[in-house]
Amino acid sequence: MPQIPPWARIAIATVLIAAAVPVVARLEVEAGNDAWIDTGGPAWRDLQRVEALFGRSDGFVIGLLAPDALSAESFAWQERIAAAAADLPGVERIASLATATDVAVIDGELEAVPLVPRAVRSGGPWPPGARERILGHPLYAGLLVSPAGDACAIAIEPGRAQDERALALMQDRLERIIAADPAPGEALLAGLPAHKRAISRVVNRDQRLTVPLTFVVMVLLLSVFLRDARAVVVAALAVPTALIWTYSVIAATGTPLDAVLGLLPPLVMGTTVITSLHLLTGHAHTVRSGGHRVRDSLRRVCVPLSLTTVATIAGLIGLWWGAVPAVRSFALFATAGVVAAVSAPILWLWVASHWLSGVSAARLSAGPLGVRHDGVFARLAGWCARRRRGVIVTAVGVLAAAVWGITRVETDCDFLTALPASDPVRDAQVRIGDRLTGPLALEVVVALPRLPRDSDLAALARCATALRSAPGVTHVTTLADVIALVRARGGGTADDADLLDDVRIFAPAAWRQVVGPGLDGAGSTLRISARQLDGSVAAATAAGERVAALARR
């Protein structure tokens with residue numbers, strides 16, 4: 001069979017790489033991290049049921065930090081921002097001091113009234129005690145206004161149909177709205193969608209530094225081990241080729257690049273370098289033996305290279321049975337990356353074999369991967385064979401220690417520390433959380449076969465007290481808080497049963513915040529709503545489970 005000339009081999013390699021580049025150019029970066037959630041698990045189903053009853057709790061928060069967040073200028077700014085945000089597609093509802101309602105007992109009747117009187121929002125004087133009432137409001141203090149009055153919030157709830165890309169577009173529009181209307185203080189945009197998007201953005205931004213830096217380090221190490229510029233070029237060209245092919249597979253399937261897939265480059269680059277060393281070492285032995293064909297070199301390294309590749313792919317395929325979609329996606333694309341990492345060095349060895357002479361083989365054989373390398377490992381193998389009992393006992397001990405260490409590992413996901421301290425989204429989240437609510441919602445829903453009774457209020461109060469004592473929890477709201485508010489507003493002479501009926505009939509907006517329809521269409525559900533500051537999912541889950549156990553009693 002006639003040999004393919006070197007220029008034709010270069011042309012073939014160029015075409016194979018160039019064909020993948022336009023596909024990679026279509027690669028999108030995921031706006032958030034919904035793929036981290038097991039959409040078939042009980043947590044996701046419970047979340048969907050809660051959102052169907054009470055709406056989403058993972059929206060955006062616009063925080064205003066000002067010396068006086070209750071000034072007329074602040075109210076005017078909040079009204080403008082809330083009105084502009086309400087016109088955005090996908091916004092379900094907005095809560096702010098300018099739009100929030102309160103309850104009052106007027107002439108013996110319960111009525112819904114504006115939280116802040118219109119005259120005050122227009123610049124008029126505060127009625128006696130009204131300002132203090134808002135700063136200590138059991139439903140809104142710490143949620144929409146800080147106890148010190150130096151911060152307020154506009155909570156924006158997206159519709160349930162809004163996915164991560166729609167939320168990213170909504171965030172961009174909210175940022176433009178805030179920038180176009182100077183605030184009477186410092187305006188910050190935070191919320192869980194912004195935080196998840198920032199995590200993906202940071203991971204992908206880091207790749208712009210870490211991937212080139214890793215490549216430079218690999219080239220330096222290859223120079224030390226291979227000791228020949230031509231051999232180094234083969235391995236160096238194989239690394240970006242494997243990355244391009246891997247990302248082209250991701251882009252061709254229409255899968256966006258999320259934070260989990262951002263872990264692919266180290267795997268692909270490392271596998272490519274290892275494969276290159278295998279192939280180049282085998283080819284050096286082939287050349288020193290009088291051969292020159294790449295086919296002969298592949299036969300020489302076929303067994304170790306195949307075993308390594310198959311074992312790596314088998315380990316990655318094992319991730320496919322995980323519950324998290326992002327991990328299953330990683331398993332598939334990592335497998336494709338390993339195949340690309342094995343194929344790219346073969347391609348470039350085939351292209352460059354014409355220029356890899358006996359001098360290159362001699363340099364490689366004389367280097368750390370050559371005769372010296374073989375001698376070191378031969379002596380190591382002999383030492384282990386002479387002390388096989390001690391080696392086996394040591395290996396078993398190390399394995400036992402590793403197994404014990406795995407059992408001591410605790411899993412958690414702290415959204416705040418997932419971002420660097422200098423990140424503006426984390427900074428906004430922390431500064432808003434220091435004065436108002438935290439970034440994570442914690443919802444406990446209690447199903448009742450009937451409407452709430454006065455006997456349920458004491459149990460709700462105990463649950464709320466337990467939840468408030470949990471680390472990081474900043475705000476808790478229950479039906480018991482609403483009834484306590486009505487009683488404080490002038491309903492002190494009525495019993496709890498009458499107040500429950502009054503709130504349900506005359507203050508339906510307040511009622512719907514804490515009481516929903518039954519999960520199966522009958523009865524009702526009681527909502528215990530909390531906000532968490534530190535971002536620890538493990539802490540929030542533990543607190544929610546304790547409260548749920550208390551509610552079952």
# chains A, B, ... in the order shown; residues from 1 in each chain; ligands from 1
$ residues_around --residues "Arg299 in chain A" --least-positions-apart "2" --cutoff "12 Å" --atoms "only C-alpha atoms" --output "VMD selection string"
chain A and resid 278 to 279 282 to 283 285 to 286 293 to 297 301 to 306
$ closest_atom_pairs --of "range 111-209 of chain A" --to "range 246-259 of chain A" --cutoff "8 Å" --atoms "only C-alpha atoms" --output "tab-separated table"
residue	atom	partner	partner_atom	distance
A:Ile199	CA	A:Ala259	CA	7.2
A:Ser200	CA	A:Ala259	CA	5.0
A:Val203	CA	A:Ala259	CA	5.8
A:Asn204	CA	A:Ala259	CA	7.1
$ closest_residue --among "A:Ala104, A:Val547, A:Val29, A:Ala168" --to "Ala488 in chain A" --atoms "only C-alpha atoms"
A:Ala104
$ select_by_dssp --residues "range 105-316 of chain A" --states "helix (DSSP H, G or I)" --output "ChimeraX atom specification"
/A:118-121,130-135,164-180,192-226,229-252,261-288,294-316
$ closest_residue --among "A:Leu243, A:Ala284, A:Leu143, A:Leu419" --to "Lys196 in chain A" --atoms "only C-alpha atoms"
A:Leu419
$ select_by_dssp --residues "range 406-503 of chain A" --states "strand (DSSP E)" --output "PyMOL selection string"
chain A and resi 440-448+473-477
$ closest_residue --among "A:Ala400, A:Val444, A:Ala235, A:Ala194" --to "Ser223 in chain A" --atoms "only C-alpha atoms"
A:Ala235
$ residues_around --residues "Pro266 in chain A" --least-positions-apart "3" --cutoff "10 Å" --atoms "only C-alpha atoms" --output "JSON, numbers by chain"
{"A": [207, 210, 211, 214, 215, 243, 262, 263, 269, 270, 271, 272]}
$ residues_around --residues "Leu347 in chain A" --least-positions-apart "6" --cutoff "9 Å" --atoms "only C-alpha atoms" --output "PyMOL selection string"
chain A and resi 9+13+238
$ closest_residue --among "A:Pro265, A:Gly59, A:Gly185, A:Pro127" --to "Glu157 in chain A" --atoms "only C-alpha atoms"
A:Gly59
$ closest_residue --among "A:Arg546, A:Arg131, A:Arg512, A:Arg328" --to "Cys463 in chain A" --atoms "only C-alpha atoms"
A:Arg546
